[in-house]
Amino acid sequence: MKNSLIALSMFVTSAFALVGCSTGGTNTATGPHLSATQCSDLTALKSNGTPTPERSRSELAALRAAGYDPLRFDPYYPNNLQAAQRQVDRWYQQECPQPRPG
């Protein structure tokens with residue numbers, strides 16, 4: 001009985017992961033996903049800029065747009081957070097102007 005519950009749990013987890021991969025995320029908007037402010041704040045955070053409450057809120061707003069909800073009980077934490085971080089990174093690469101080296 002215990003093994004069947006473990007197998008069922010693994011199956012359900014795999015099914016959710018496949019559904020998430022096949023839909024490509026939760027935000028289906030065709031416009032930009034990140035604002036200019038979010039691009040600026042993410043650039044500062046990525047370049048080891050000083051974290052500020054405003055930058056943290058900006059990053060959290062981007063993670064929420066990618067489908068992460070920190071207020072909801074999440075049995076798949078930290079996997080869902082990491083998936084949202086990867087999605088925000090993809091958006092950042094596509095939508096934010098990248099600084100030119102030296």
# chains A, B, ... in the order shown; residues from 1 in each chain; ligands from 1
>>> residues_around(residues="Gln98 of chain A", least_positions_apart="2", cutoff="12 Å", atoms="only C-alpha atoms", output="ChimeraX atom specification")
/A:39-40,42-44,46-47,92-96,100-101
>>> select_by_dssp(residues="segment 47-97 of chain A", states="alpha helix (DSSP H)", output="ChimeraX atom specification")
/A:53-65,79-95
>>> write_last_selection(atoms="N, CA and C atoms", output="PDB file, in the first residue's frame")
ATOM      1  N   PRO A  53      14.463  47.410  -1.098  1.00  0.00           N
ATOM      2  CA  PRO A  53      13.088  46.912  -1.059  1.00  0.00           C
ATOM      3  C   PRO A  53      12.385  47.052  -2.408  1.00  0.00           C
ATOM      4  N   GLU A  54      12.665  48.144  -3.123  1.00  0.00           N
ATOM      5  CA  GLU A  54      12.026  48.350  -4.428  1.00  0.00           C
ATOM      6  C   GLU A  54      12.472  47.293  -5.432  1.00  0.00           C
ATOM      7  N   ARG A  55      13.763  46.984  -5.440  1.00  0.00           N
ATOM      8  CA  ARG A  55      14.274  45.958  -6.356  1.00  0.00           C
ATOM      9  C   ARG A  55      13.727  44.587  -5.994  1.00  0.00           C
ATOM     10  N   SER A  56      13.602  44.314  -4.710  1.00  0.00           N
ATOM     11  CA  SER A  56      13.036  43.032  -4.275  1.00  0.00           C
ATOM     12  C   SER A  56      11.578  42.908  -4.693  1.00  0.00           C
ATOM     13  N   ARG A  57      10.820  43.983  -4.534  1.00  0.00           N
ATOM     14  CA  ARG A  57       9.408  43.954  -4.959  1.00  0.00           C
ATOM     15  C   ARG A  57       9.300  43.794  -6.475  1.00  0.00           C
ATOM     16  N   SER A  58      10.200  44.421  -7.200  1.00  0.00           N
ATOM     17  CA  SER A  58      10.204  44.308  -8.654  1.00  0.00           C
ATOM     18  C   SER A  58      10.494  42.869  -9.084  1.00  0.00           C
ATOM     19  N   GLU A  59      11.477  42.255  -8.432  1.00  0.00           N
ATOM     20  CA  GLU A  59      11.802  40.861  -8.743  1.00  0.00           C
ATOM     21  C   GLU A  59      10.636  39.943  -8.378  1.00  0.00           C
ATOM     22  N   LEU A  60      10.002  40.188  -7.249  1.00  0.00           N
ATOM     23  CA  LEU A  60       8.854  39.374  -6.844  1.00  0.00           C
ATOM     24  C   LEU A  60       7.704  39.518  -7.832  1.00  0.00           C
ATOM     25  N   ALA A  61       7.461  40.730  -8.333  1.00  0.00           N
ATOM     26  CA  ALA A  61       6.403  40.933  -9.326  1.00  0.00           C
ATOM     27  C   ALA A  61       6.697  40.140 -10.601  1.00  0.00           C
ATOM     28  N   ALA A  62       7.961  40.098 -11.013  1.00  0.00           N
ATOM     29  CA  ALA A  62       8.332  39.313 -12.192  1.00  0.00           C
ATOM     30  C   ALA A  62       8.132  37.821 -11.934  1.00  0.00           C
ATOM     31  N   LEU A  63       8.497  37.352 -10.742  1.00  0.00           N
ATOM     32  CA  LEU A  63       8.303  35.936 -10.407  1.00  0.00           C
ATOM     33  C   LEU A  63       6.817  35.583 -10.376  1.00  0.00           C
ATOM     34  N   ARG A  64       6.004  36.485  -9.860  1.00  0.00           N
ATOM     35  CA  ARG A  64       4.558  36.235  -9.863  1.00  0.00           C
ATOM     36  C   ARG A  64       4.008  36.182 -11.277  1.00  0.00           C
ATOM     37  N   ALA A  65       4.508  37.054 -12.156  1.00  0.00           N
ATOM     38  CA  ALA A  65       4.066  37.023 -13.556  1.00  0.00           C
ATOM     39  C   ALA A  65       4.452  35.705 -14.218  1.00  0.00           C
ATOM     40  N   ASN A  79      10.976  23.765  -6.297  1.00  0.00           N
ATOM     41  CA  ASN A  79      10.956  23.530  -7.752  1.00  0.00           C
ATOM     42  C   ASN A  79      10.144  24.582  -8.495  1.00  0.00           C
ATOM     43  N   ASN A  80       8.977  24.960  -7.971  1.00  0.00           N
ATOM     44  CA  ASN A  80       8.159  25.960  -8.657  1.00  0.00           C
ATOM     45  C   ASN A  80       8.832  27.326  -8.649  1.00  0.00           C
ATOM     46  N   LEU A  81       9.489  27.681  -7.574  1.00  0.00           N
ATOM     47  CA  LEU A  81      10.221  28.940  -7.521  1.00  0.00           C
ATOM     48  C   LEU A  81      11.357  28.936  -8.543  1.00  0.00           C
ATOM     49  N   GLN A  82      12.091  27.851  -8.619  1.00  0.00           N
ATOM     50  CA  GLN A  82      13.200  27.760  -9.565  1.00  0.00           C
ATOM     51  C   GLN A  82      12.704  27.796 -11.011  1.00  0.00           C
ATOM     52  N   ALA A  83      11.556  27.188 -11.280  1.00  0.00           N
ATOM     53  CA  ALA A  83      10.975  27.243 -12.628  1.00  0.00           C
ATOM     54  C   ALA A  83      10.593  28.684 -12.975  1.00  0.00           C
ATOM     55  N   ALA A  84      10.018  29.401 -12.024  1.00  0.00           N
ATOM     56  CA  ALA A  84       9.669  30.805 -12.262  1.00  0.00           C
ATOM     57  C   ALA A  84      10.932  31.641 -12.467  1.00  0.00           C
ATOM     58  N   GLN A  85      11.984  31.357 -11.714  1.00  0.00           N
ATOM     59  CA  GLN A  85      13.250  32.083 -11.897  1.00  0.00           C
ATOM     60  C   GLN A  85      13.825  31.842 -13.292  1.00  0.00           C
ATOM     61  N   ARG A  86      13.745  30.604 -13.776  1.00  0.00           N
ATOM     62  CA  ARG A  86      14.220  30.307 -15.131  1.00  0.00           C
ATOM     63  C   ARG A  86      13.391  31.058 -16.168  1.00  0.00           C
ATOM     64  N   GLN A  87      12.065  31.136 -15.950  1.00  0.00           N
ATOM     65  CA  GLN A  87      11.203  31.854 -16.888  1.00  0.00           C
ATOM     66  C   GLN A  87      11.543  33.342 -16.905  1.00  0.00           C
ATOM     67  N   VAL A  88      11.739  33.933 -15.734  1.00  0.00           N
ATOM     68  CA  VAL A  88      12.113  35.346 -15.657  1.00  0.00           C
ATOM     69  C   VAL A  88      13.465  35.557 -16.334  1.00  0.00           C
ATOM     70  N   ASP A  89      14.399  34.634 -16.160  1.00  0.00           N
ATOM     71  CA  ASP A  89      15.700  34.749 -16.829  1.00  0.00           C
ATOM     72  C   ASP A  89      15.539  34.717 -18.348  1.00  0.00           C
ATOM     73  N   ARG A  90      14.653  33.851 -18.855  1.00  0.00           N
ATOM     74  CA  ARG A  90      14.400  33.807 -20.300  1.00  0.00           C
ATOM     75  C   ARG A  90      13.835  35.140 -20.776  1.00  0.00           C
ATOM     76  N   TRP A  91      12.841  35.657 -20.044  1.00  0.00           N
ATOM     77  CA  TRP A  91      12.261  36.953 -20.403  1.00  0.00           C
ATOM     78  C   TRP A  91      13.320  38.038 -20.365  1.00  0.00           C
ATOM     79  N   TYR A  92      14.167  38.009 -19.350  1.00  0.00           N
ATOM     80  CA  TYR A  92      15.227  39.006 -19.201  1.00  0.00           C
ATOM     81  C   TYR A  92      16.153  38.972 -20.421  1.00  0.00           C
ATOM     82  N   GLN A  93      16.561  37.787 -20.837  1.00  0.00           N
ATOM     83  CA  GLN A  93      17.448  37.655 -22.000  1.00  0.00           C
ATOM     84  C   GLN A  93      16.781  38.164 -23.277  1.00  0.00           C
ATOM     85  N   GLN A  94      15.470  37.947 -23.410  1.00  0.00           N
ATOM     86  CA  GLN A  94      14.755  38.324 -24.624  1.00  0.00           C
ATOM     87  C   GLN A  94      14.344  39.794 -24.643  1.00  0.00           C
ATOM     88  N   GLU A  95      13.999  40.365 -23.494  1.00  0.00           N
ATOM     89  CA  GLU A  95      13.341  41.652 -23.486  1.00  0.00           C
ATOM     90  C   GLU A  95      14.163  42.811 -22.925  1.00  0.00           C
TER      91      GLU A  95
END
>>> decode(residues="segment 55-90 of chain A", atoms="N, CA and C atoms", output="mmCIF file, in the first residue's frame")
data_model
loop_
_atom_site.group_PDB
_atom_site.id
_atom_site.type_symbol
_atom_site.label_atom_id
_atom_site.label_comp_id
_atom_site.auth_asym_id
_atom_site.auth_seq_id
_atom_site.Cartn_x
_atom_site.Cartn_y
_atom_site.Cartn_z
ATOM 1 N N ARG A 55 13.763 46.984 -5.440
ATOM 2 C CA ARG A 55 14.274 45.958 -6.356
ATOM 3 C C ARG A 55 13.727 44.587 -5.994
ATOM 4 N N SER A 56 13.602 44.314 -4.710
ATOM 5 C CA SER A 56 13.036 43.032 -4.275
ATOM 6 C C SER A 56 11.578 42.908 -4.693
ATOM 7 N N ARG A 57 10.820 43.983 -4.534
ATOM 8 C CA ARG A 57 9.408 43.954 -4.959
ATOM 9 C C ARG A 57 9.300 43.794 -6.475
ATOM 10 N N SER A 58 10.200 44.421 -7.200
ATOM 11 C CA SER A 58 10.204 44.308 -8.654
ATOM 12 C C SER A 58 10.494 42.869 -9.084
ATOM 13 N N GLU A 59 11.477 42.255 -8.432
ATOM 14 C CA GLU A 59 11.802 40.861 -8.743
ATOM 15 C C GLU A 59 10.636 39.943 -8.378
ATOM 16 N N LEU A 60 10.002 40.188 -7.249
ATOM 17 C CA LEU A 60 8.854 39.374 -6.844
ATOM 18 C C LEU A 60 7.704 39.518 -7.832
ATOM 19 N N ALA A 61 7.461 40.730 -8.333
ATOM 20 C CA ALA A 61 6.403 40.933 -9.326
ATOM 21 C C ALA A 61 6.697 40.140 -10.601
ATOM 22 N N ALA A 62 7.961 40.098 -11.013
ATOM 23 C CA ALA A 62 8.332 39.313 -12.192
ATOM 24 C C ALA A 62 8.132 37.821 -11.934
ATOM 25 N N LEU A 63 8.497 37.352 -10.742
ATOM 26 C CA LEU A 63 8.303 35.936 -10.407
ATOM 27 C C LEU A 63 6.817 35.583 -10.376
ATOM 28 N N ARG A 64 6.004 36.485 -9.860
ATOM 29 C CA ARG A 64 4.558 36.235 -9.863
ATOM 30 C C ARG A 64 4.008 36.182 -11.277
ATOM 31 N N ALA A 65 4.508 37.054 -12.156
ATOM 32 C CA ALA A 65 4.066 37.023 -13.556
ATOM 33 C C ALA A 65 4.452 35.705 -14.218
ATOM 34 N N ALA A 66 5.517 35.095 -13.730
ATOM 35 C CA ALA A 66 5.967 33.801 -14.255
ATOM 36 C C ALA A 66 5.242 32.623 -13.617
ATOM 37 N N GLY A 67 4.313 32.907 -12.691
ATOM 38 C CA GLY A 67 3.492 31.845 -12.131
ATOM 39 C C GLY A 67 3.787 31.458 -10.701
ATOM 40 N N TYR A 68 4.744 32.115 -10.062
ATOM 41 C CA TYR A 68 5.074 31.772 -8.679
ATOM 42 C C TYR A 68 4.218 32.590 -7.723
ATOM 43 N N ASP A 69 3.646 31.925 -6.729
ATOM 44 C CA ASP A 69 2.830 32.600 -5.720
ATOM 45 C C ASP A 69 3.368 32.256 -4.338
ATOM 46 N N PRO A 70 4.093 33.182 -3.698
ATOM 47 C CA PRO A 70 4.700 32.871 -2.409
ATOM 48 C C PRO A 70 3.694 32.741 -1.270
ATOM 49 N N LEU A 71 2.483 33.203 -1.477
ATOM 50 C CA LEU A 71 1.484 33.149 -0.409
ATOM 51 C C LEU A 71 0.685 31.848 -0.401
ATOM 52 N N ARG A 72 0.789 31.084 -1.462
ATOM 53 C CA ARG A 72 0.048 29.831 -1.583
ATOM 54 C C ARG A 72 0.907 28.681 -1.070
ATOM 55 N N PHE A 73 0.293 27.728 -0.374
ATOM 56 C CA PHE A 73 1.027 26.538 0.048
ATOM 57 C C PHE A 73 1.498 25.812 -1.201
ATOM 58 N N ASP A 74 2.768 25.493 -1.248
ATOM 59 C CA ASP A 74 3.348 24.891 -2.435
ATOM 60 C C ASP A 74 4.101 23.618 -2.067
ATOM 61 N N PRO A 75 3.498 22.451 -2.314
ATOM 62 C CA PRO A 75 4.186 21.205 -1.977
ATOM 63 C C PRO A 75 5.402 20.951 -2.874
ATOM 64 N N TYR A 76 5.551 21.719 -3.943
ATOM 65 C CA TYR A 76 6.663 21.519 -4.873
ATOM 66 C C TYR A 76 7.759 22.571 -4.707
ATOM 67 N N TYR A 77 7.701 23.342 -3.605
ATOM 68 C CA TYR A 77 8.757 24.309 -3.332
ATOM 69 C C TYR A 77 10.043 23.545 -3.033
ATOM 70 N N PRO A 78 11.166 23.882 -3.549
ATOM 71 C CA PRO A 78 11.522 25.082 -4.304
ATOM 72 C C PRO A 78 11.462 24.919 -5.812
ATOM 73 N N ASN A 79 10.976 23.765 -6.297
ATOM 74 C CA ASN A 79 10.956 23.530 -7.752
ATOM 75 C C ASN A 79 10.144 24.582 -8.495
ATOM 76 N N ASN A 80 8.977 24.960 -7.971
ATOM 77 C CA ASN A 80 8.159 25.960 -8.657
ATOM 78 C C ASN A 80 8.832 27.326 -8.649
ATOM 79 N N LEU A 81 9.489 27.681 -7.574
ATOM 80 C CA LEU A 81 10.221 28.940 -7.521
ATOM 81 C C LEU A 81 11.357 28.936 -8.543
ATOM 82 N N GLN A 82 12.091 27.851 -8.619
ATOM 83 C CA GLN A 82 13.200 27.760 -9.565
ATOM 84 C C GLN A 82 12.704 27.796 -11.011
ATOM 85 N N ALA A 83 11.556 27.188 -11.280
ATOM 86 C CA ALA A 83 10.975 27.243 -12.628
ATOM 87 C C ALA A 83 10.593 28.684 -12.975
ATOM 88 N N ALA A 84 10.018 29.401 -12.024
ATOM 89 C CA ALA A 84 9.669 30.805 -12.262
ATOM 90 C C ALA A 84 10.932 31.641 -12.467
ATOM 91 N N GLN A 85 11.984 31.357 -11.714
ATOM 92 C CA GLN A 85 13.250 32.083 -11.897
ATOM 93 C C GLN A 85 13.825 31.842 -13.292
ATOM 94 N N ARG A 86 13.745 30.604 -13.776
ATOM 95 C CA ARG A 86 14.220 30.307 -15.131
ATOM 96 C C ARG A 86 13.391 31.058 -16.168
ATOM 97 N N GLN A 87 12.065 31.136 -15.950
ATOM 98 C CA GLN A 87 11.203 31.854 -16.888
ATOM 99 C C GLN A 87 11.543 33.342 -16.905
ATOM 100 N N VAL A 88 11.739 33.933 -15.734
ATOM 101 C CA VAL A 88 12.113 35.346 -15.657
ATOM 102 C C VAL A 88 13.465 35.557 -16.334
ATOM 103 N N ASP A 89 14.399 34.634 -16.160
ATOM 104 C CA ASP A 89 15.700 34.749 -16.829
ATOM 105 C C ASP A 89 15.539 34.717 -18.348
ATOM 106 N N ARG A 90 14.653 33.851 -18.855
ATOM 107 C CA ARG A 90 14.400 33.807 -20.300
ATOM 108 C C ARG A 90 13.835 35.140 -20.776
#
